[in-house]
Amino acid sequence: MAKITFLGSGGGRFMTITQKRGTGGFYIEDRIKIHVDPGPGAHLRALQNDLDPRKTTALLVSHCHTDHFNDVPILIESMTGGMLKKEGYILGSKSVIDGREEYASIIFPYYRKNLKGIISLKPSEFFDIKGQKIEALKTKHSDPYGIGFKIYTDSGIISYTSDTEYFKEMENQYMGSRVMILNVTRPNGDKIPFHLTSDDARVILEKVRPEIAIITHIGYKMHLKGAEDERNYIQEKSGVRTLIGDEGLKIYMNGQLTYQEAVK
Ligand SMILES: [Zn+2]
């Protein structure tokens with residue numbers, strides 16, 4: 001049974017700096033254990049939510065912005081048992097893995113020598129770790145090499161948009177998902193380039209129709225305007241049960257999909 005634990009619903013520069021909402025990404029436990037987009041606080045929040053970073057199999061890093069990659073070094077140290085064994089994988093965009101233009105690779109040679117696999121992915125490329133299939137998805141973001149992820153668990157598909165603006169027919173790549181995780185940075189009617197608004201999320205969900213949607217990467221303006229209203233708008237308009245990926249939210253993907261919200 002696949003389980004997802006959220007480690008904060010924040011994103012964007014000002015939310016990351018202030019930590020009004022956490023930026024620890026989310027954690028999937030299935031055939032392998034995967035930590036997706038570990039921004040600032042990811043390591044600490046994982047420990048505080050009873051996850052053991054020493055047992056993580058793979059880090060998935062969608063692009064080279066600090067709210068997505070910040071805790072990669074300490075998580076590599078965790079996966080490799082303090083750099084004492086060769087263990088763990090890191091999958092990411094070309095900007096994260098190889099460095100591109102203004103982004104240098106965030107994985108120093110020191111860390112590379114103890115990892116089992118360091119894999120850069122382009123949209124629609126697949127990688128398999130111990131039977132866990134992971135696909136890279138297309139985005140349109142200010143890191144032009146950014147990717148989303150589709151994770152094929154034994155209990156169904158989880159799709160993650162990562163940071164992207166809406167582009168034509170982007171929904172097609174999420175089809176068949178049981179769970180959709182959307183980075184909704186901006187509230188309805190307040191669009192900026194390279195990010196999704198609540199209304200973009202509604203459009204995507206109306207087409208994909210997953211069993212549940214989780215919105216995360218909530219930016220500062222959306223936080224101030226009221227993320228709960230935006231969540232409600234998306235859910236009412238799309239007809240898809242929608243939650244906010246606050247720290248501690250857990251999704252259980254057994255026969256019937258269930259969830260447990262964070263204790264506040
Ligand atoms: Zn970004």
# chains A, B, ... in the order shown; residues from 1 in each chain; ligands from 1
>>> select_by_dssp(residues="range 95-225 of chain A", states="helix (DSSP H, G or I)", output="number ranges by chain")
A: 95-97, 109-112, 170-174, 198-208, 220-225
>>> write_last_selection(atoms="C-alpha atoms", output="tab-separated table (two decimals), in the first residue's frame")
chain	number	residue	atom	x	y	z
A	95	SER	CA	19.83	21.73	-14.33
A	96	VAL	CA	19.88	19.89	-10.97
A	97	ILE	CA	22.06	16.95	-12.02
A	109	PRO	CA	31.62	15.48	-6.48
A	110	TYR	CA	32.04	14.70	-2.76
A	111	TYR	CA	28.45	13.40	-2.61
A	112	ARG	CA	28.47	11.74	-6.04
A	170	MET	CA	-0.69	19.62	-20.33
A	171	GLU	CA	-3.46	17.52	-18.75
A	172	ASN	CA	-2.76	14.62	-21.13
A	173	GLN	CA	0.41	13.66	-19.29
A	174	TYR	CA	-1.45	13.26	-15.97
A	198	SER	CA	-6.43	28.02	-8.59
A	199	ASP	CA	-8.33	28.35	-11.83
A	200	ASP	CA	-5.60	26.51	-13.77
A	201	ALA	CA	-5.85	23.72	-11.17
A	202	ARG	CA	-9.62	23.57	-11.71
A	203	VAL	CA	-9.16	23.20	-15.49
A	204	ILE	CA	-6.57	20.42	-15.05
A	205	LEU	CA	-8.67	18.52	-12.51
A	206	GLU	CA	-11.84	18.69	-14.61
A	207	LYS	CA	-9.99	16.80	-17.33
A	208	VAL	CA	-7.83	14.39	-15.31
A	220	TYR	CA	2.79	34.24	0.09
A	221	LYS	CA	0.04	36.18	-1.69
A	222	MET	CA	-2.23	33.15	-1.87
A	223	HIS	CA	-1.54	32.45	1.81
A	224	LEU	CA	-2.57	36.02	2.76
A	225	LYS	CA	-5.66	35.95	0.55
>>> select_by_dssp(residues="range 90-248 of chain A", states="strand (DSSP E or B)", output="PyMOL selection string")
chain A and resi 90-92+100+103+117-120+126-129+132-138+147-153+156-160+177-186+196-197+212-216+218+242-244
>>> write_last_selection(atoms="N, CA and C atoms", output="compact mmCIF listing (two decimals), in the first residue's frame")
# COMPACT_ATOMS: atom_id res chain seq x y z
N ILE A 90 19.58 9.73 -6.88
CA ILE A 90 18.99 11.06 -7.06
C ILE A 90 18.59 11.21 -8.52
N LEU A 91 17.32 11.56 -8.71
CA LEU A 91 16.77 11.76 -10.06
C LEU A 91 16.37 13.22 -10.15
N GLY A 92 16.73 13.87 -11.23
CA GLY A 92 16.34 15.27 -11.33
C GLY A 92 16.48 15.81 -12.73
N ARG A 100 23.21 23.79 -15.63
CA ARG A 100 22.91 24.38 -16.93
C ARG A 100 22.87 25.90 -16.77
N TYR A 103 22.62 27.84 -13.50
CA TYR A 103 22.53 26.86 -12.41
C TYR A 103 23.71 25.89 -12.49
N GLY A 117 23.13 5.92 -7.87
CA GLY A 117 22.69 6.40 -9.18
C GLY A 117 22.41 7.88 -9.16
N ILE A 118 22.87 8.57 -10.22
CA ILE A 118 22.63 10.02 -10.36
C ILE A 118 22.08 10.19 -11.77
N ILE A 119 20.78 10.44 -11.87
CA ILE A 119 20.12 10.33 -13.17
C ILE A 119 19.43 11.63 -13.54
N SER A 120 19.79 12.19 -14.70
CA SER A 120 19.08 13.38 -15.17
C SER A 120 18.03 12.96 -16.18
N PHE A 126 11.77 7.66 -18.67
CA PHE A 126 11.44 6.83 -17.51
C PHE A 126 12.71 6.37 -16.80
N PHE A 127 12.56 6.09 -15.51
CA PHE A 127 13.63 5.40 -14.80
C PHE A 127 12.98 4.44 -13.82
N ASP A 128 13.60 3.29 -13.63
CA ASP A 128 13.05 2.24 -12.79
C ASP A 128 14.03 1.93 -11.66
N ILE A 129 13.56 2.00 -10.42
CA ILE A 129 14.39 1.60 -9.28
C ILE A 129 13.64 0.49 -8.56
N GLN A 132 10.04 0.17 -9.23
CA GLN A 132 9.24 1.40 -9.06
C GLN A 132 9.52 2.31 -10.25
N LYS A 133 8.49 2.45 -11.10
CA LYS A 133 8.67 3.21 -12.34
C LYS A 133 8.37 4.69 -12.10
N ILE A 134 9.28 5.52 -12.57
CA ILE A 134 9.15 6.98 -12.41
C ILE A 134 9.31 7.63 -13.78
N GLU A 135 8.37 8.51 -14.12
CA GLU A 135 8.40 9.18 -15.43
C GLU A 135 8.57 10.68 -15.23
N ALA A 136 9.38 11.31 -16.07
CA ALA A 136 9.53 12.77 -16.02
C ALA A 136 8.46 13.40 -16.92
N LEU A 137 7.89 14.50 -16.44
CA LEU A 137 6.82 15.19 -17.17
C LEU A 137 7.27 16.59 -17.58
N LYS A 138 6.58 17.12 -18.56
CA LYS A 138 6.92 18.44 -19.09
C LYS A 138 6.41 19.56 -18.17
N ILE A 147 11.17 19.59 -14.52
CA ILE A 147 10.31 18.46 -14.87
C ILE A 147 9.30 18.21 -13.73
N GLY A 148 8.17 17.61 -14.10
CA GLY A 148 7.26 17.07 -13.10
C GLY A 148 7.52 15.58 -13.01
N PHE A 149 6.75 14.88 -12.17
CA PHE A 149 6.96 13.43 -12.03
C PHE A 149 5.64 12.68 -12.03
N LYS A 150 5.70 11.48 -12.59
CA LYS A 150 4.59 10.54 -12.50
C LYS A 150 5.17 9.29 -11.88
N ILE A 151 4.62 8.90 -10.74
CA ILE A 151 5.16 7.76 -9.99
C ILE A 151 4.14 6.63 -10.04
N TYR A 152 4.55 5.51 -10.59
CA TYR A 152 3.65 4.36 -10.77
C TYR A 152 3.80 3.46 -9.55
N THR A 153 2.90 3.62 -8.58
CA THR A 153 2.98 2.79 -7.37
C THR A 153 2.17 1.52 -7.57
N GLY A 156 -1.52 2.46 -7.67
CA GLY A 156 -1.99 3.46 -8.63
C GLY A 156 -0.99 4.59 -8.83
N ILE A 157 -1.37 5.51 -9.72
CA ILE A 157 -0.44 6.56 -10.17
C ILE A 157 -0.59 7.85 -9.35
N ILE A 158 0.58 8.40 -9.00
CA ILE A 158 0.65 9.73 -8.38
C ILE A 158 1.30 10.66 -9.39
N SER A 159 0.62 11.77 -9.73
CA SER A 159 1.24 12.76 -10.62
C SER A 159 1.53 14.04 -9.85
N TYR A 160 2.66 14.64 -10.18
CA TYR A 160 3.11 15.87 -9.52
C TYR A 160 3.47 16.88 -10.61
N SER A 177 -4.21 9.18 -13.30
CA SER A 177 -3.72 9.37 -11.93
C SER A 177 -4.82 9.14 -10.91
N ARG A 178 -4.49 8.47 -9.82
CA ARG A 178 -5.40 8.37 -8.68
C ARG A 178 -5.25 9.60 -7.79
N VAL A 179 -4.00 10.05 -7.69
CA VAL A 179 -3.68 11.20 -6.83
C VAL A 179 -2.95 12.24 -7.69
N MET A 180 -3.39 13.51 -7.59
CA MET A 180 -2.69 14.59 -8.31
C MET A 180 -2.22 15.62 -7.31
N ILE A 181 -0.93 15.93 -7.38
CA ILE A 181 -0.35 16.95 -6.51
C ILE A 181 0.00 18.14 -7.40
N LEU A 182 -0.62 19.29 -7.09
CA LEU A 182 -0.47 20.47 -7.95
C LEU A 182 0.19 21.61 -7.19
N ASN A 183 1.19 22.23 -7.81
CA ASN A 183 1.83 23.39 -7.21
C ASN A 183 1.06 24.65 -7.61
N VAL A 184 0.14 25.03 -6.74
CA VAL A 184 -0.71 26.19 -7.01
C VAL A 184 -0.16 27.37 -6.21
N THR A 185 0.59 28.21 -6.90
CA THR A 185 1.30 29.30 -6.23
C THR A 185 0.42 30.53 -6.04
N ARG A 186 -0.50 30.74 -6.99
CA ARG A 186 -1.25 32.01 -7.01
C ARG A 186 -2.75 31.79 -6.90
N LEU A 196 1.04 28.05 -11.57
CA LEU A 196 -0.39 27.75 -11.70
C LEU A 196 -1.21 28.62 -10.74
N THR A 197 -2.43 28.97 -11.17
CA THR A 197 -3.41 29.59 -10.28
C THR A 197 -4.46 28.55 -9.92
N ILE A 212 -8.37 12.12 -5.80
CA ILE A 212 -8.10 13.20 -4.83
C ILE A 212 -7.02 14.12 -5.40
N ALA A 213 -7.12 15.41 -5.04
CA ALA A 213 -6.09 16.37 -5.44
C ALA A 213 -5.52 17.02 -4.20
N ILE A 214 -4.23 17.27 -4.22
CA ILE A 214 -3.59 17.98 -3.12
C ILE A 214 -2.90 19.21 -3.70
N ILE A 215 -3.22 20.37 -3.15
CA ILE A 215 -2.53 21.58 -3.60
C ILE A 215 -1.43 21.92 -2.59
N THR A 216 -0.30 22.31 -3.15
CA THR A 216 0.85 22.67 -2.32
C THR A 216 1.62 23.79 -3.02
N ILE A 218 2.05 26.76 -1.99
CA ILE A 218 1.20 27.95 -1.86
C ILE A 218 2.11 29.15 -1.61
N THR A 242 -10.43 18.03 -2.81
CA THR A 242 -9.15 18.74 -2.83
C THR A 242 -8.71 19.06 -1.40
N LEU A 243 -7.44 18.78 -1.12
CA LEU A 243 -6.87 19.05 0.21
C LEU A 243 -5.66 19.95 0.06
N ILE A 244 -5.25 20.58 1.16
CA ILE A 244 -4.01 21.36 1.19
C ILE A 244 -2.93 20.47 1.80
>>> residues_near_ligand(ligand="ligand 1", cutoff="10 Å", atoms="only C-alpha atoms and all ligand atoms", output="PyMOL selection string")
chain A and resi 11-13+62-69+141-144+146+162-164+183+185+194-195+217
>>> residues_around(residues="Asn254 in chain A", least_positions_apart="3", cutoff="12 Å", atoms="only C-alpha atoms", output="count of residues only")
14
>>> closest_residue(among="A:Phe108, A:Gly99, A:Glu125, A:Leu115", to="Glu87 in chain A", atoms="only C-alpha atoms")
A:Leu115
>>> closest_residue(among="A:Gly82, A:Gly25, A:Pro210, A:Gly41", to="Leu60 in chain A", atoms="only C-alpha atoms")
A:Gly25
>>> closest_residue(among="A:Gly248, A:Glu236, A:Asp98, A:Glu77", to="Tyr27 in chain A", atoms="only C-alpha atoms")
A:Gly248
>>> closest_residue(among="A:Phe6, A:Phe167, A:Tyr89, A:Phe26", to="Thr139 in chain A", atoms="only C-alpha atoms")
A:Phe167
>>> atom_distance(atom1="CA of Glu211 in chain A", atom2="CA of Thr5 in chain A")
16.9 Å
>>> closest_residue(among="A:Asp246, A:Lys168, A:Gly176, A:Gln260", to="Gly24 in chain A", atoms="only C-alpha atoms")
A:Asp246
>>> atom_distance(atom1="CA of Gly131 in chain A", atom2="CA of Arg31 in chain A")
7.3 Å
>>> residues_around(residues="Met15 in chain A", least_positions_apart="5", cutoff="7 Å", atoms="only C-alpha atoms", output="number ranges by chain")
A: 10, 20-21, 219-220
>>> write_last_selection(atoms="N, CA and C atoms", output="short mmCIF file (atom, residue, chain, number, x, y, z; two decimals), in the first residue's frame")
data_model
loop_
_atom_site.label_atom_id
_atom_site.label_comp_id
_atom_site.auth_asym_id
_atom_site.auth_seq_id
_atom_site.Cartn_x
_atom_site.Cartn_y
_atom_site.Cartn_z
N GLY A 10 4.04 25.11 1.55
CA GLY A 10 4.54 26.41 1.10
C GLY A 10 5.44 26.31 -0.11
N LYS A 20 6.07 30.45 6.82
CA LYS A 20 4.69 30.44 7.34
C LYS A 20 4.03 29.09 7.01
N ARG A 21 4.41 28.53 5.89
CA ARG A 21 4.05 27.15 5.54
C ARG A 21 5.37 26.45 5.20
N GLY A 219 1.98 30.15 -2.47
CA GLY A 219 2.82 31.33 -2.36
C GLY A 219 2.30 32.29 -1.31
N TYR A 220 3.10 33.31 -1.00
CA TYR A 220 2.79 34.24 0.09
C TYR A 220 1.47 34.98 -0.14
#
>>> residues_around(residues="Leu84 in chain A", least_positions_apart="3", cutoff="8 Å", atoms="only C-alpha atoms", output="count of residues only")
3
>>> closest_residue(among="A:Leu7, A:Ile32, A:Ala58, A:Ile76", to="Ala46 in chain A", atoms="only C-alpha atoms")
A:Leu7
>>> residues_around(residues="Lys55 in chain A", least_positions_apart="3", cutoff="8 Å", atoms="only C-alpha atoms", output="PDB file with C-alpha atoms, in the first residue's frame")
ATOM      1  CA  LYS A  33      10.980   5.307  -0.274  1.00  0.00           C
ATOM      2  CA  ASP A  52      13.734   8.108   8.713  1.00  0.00           C
ATOM      3  CA  SER A  78      21.430  10.452   5.559  1.00  0.00           C
ATOM      4  CA  MET A  79      20.879   7.957   2.705  1.00  0.00           C
TER       5      MET A  79
END
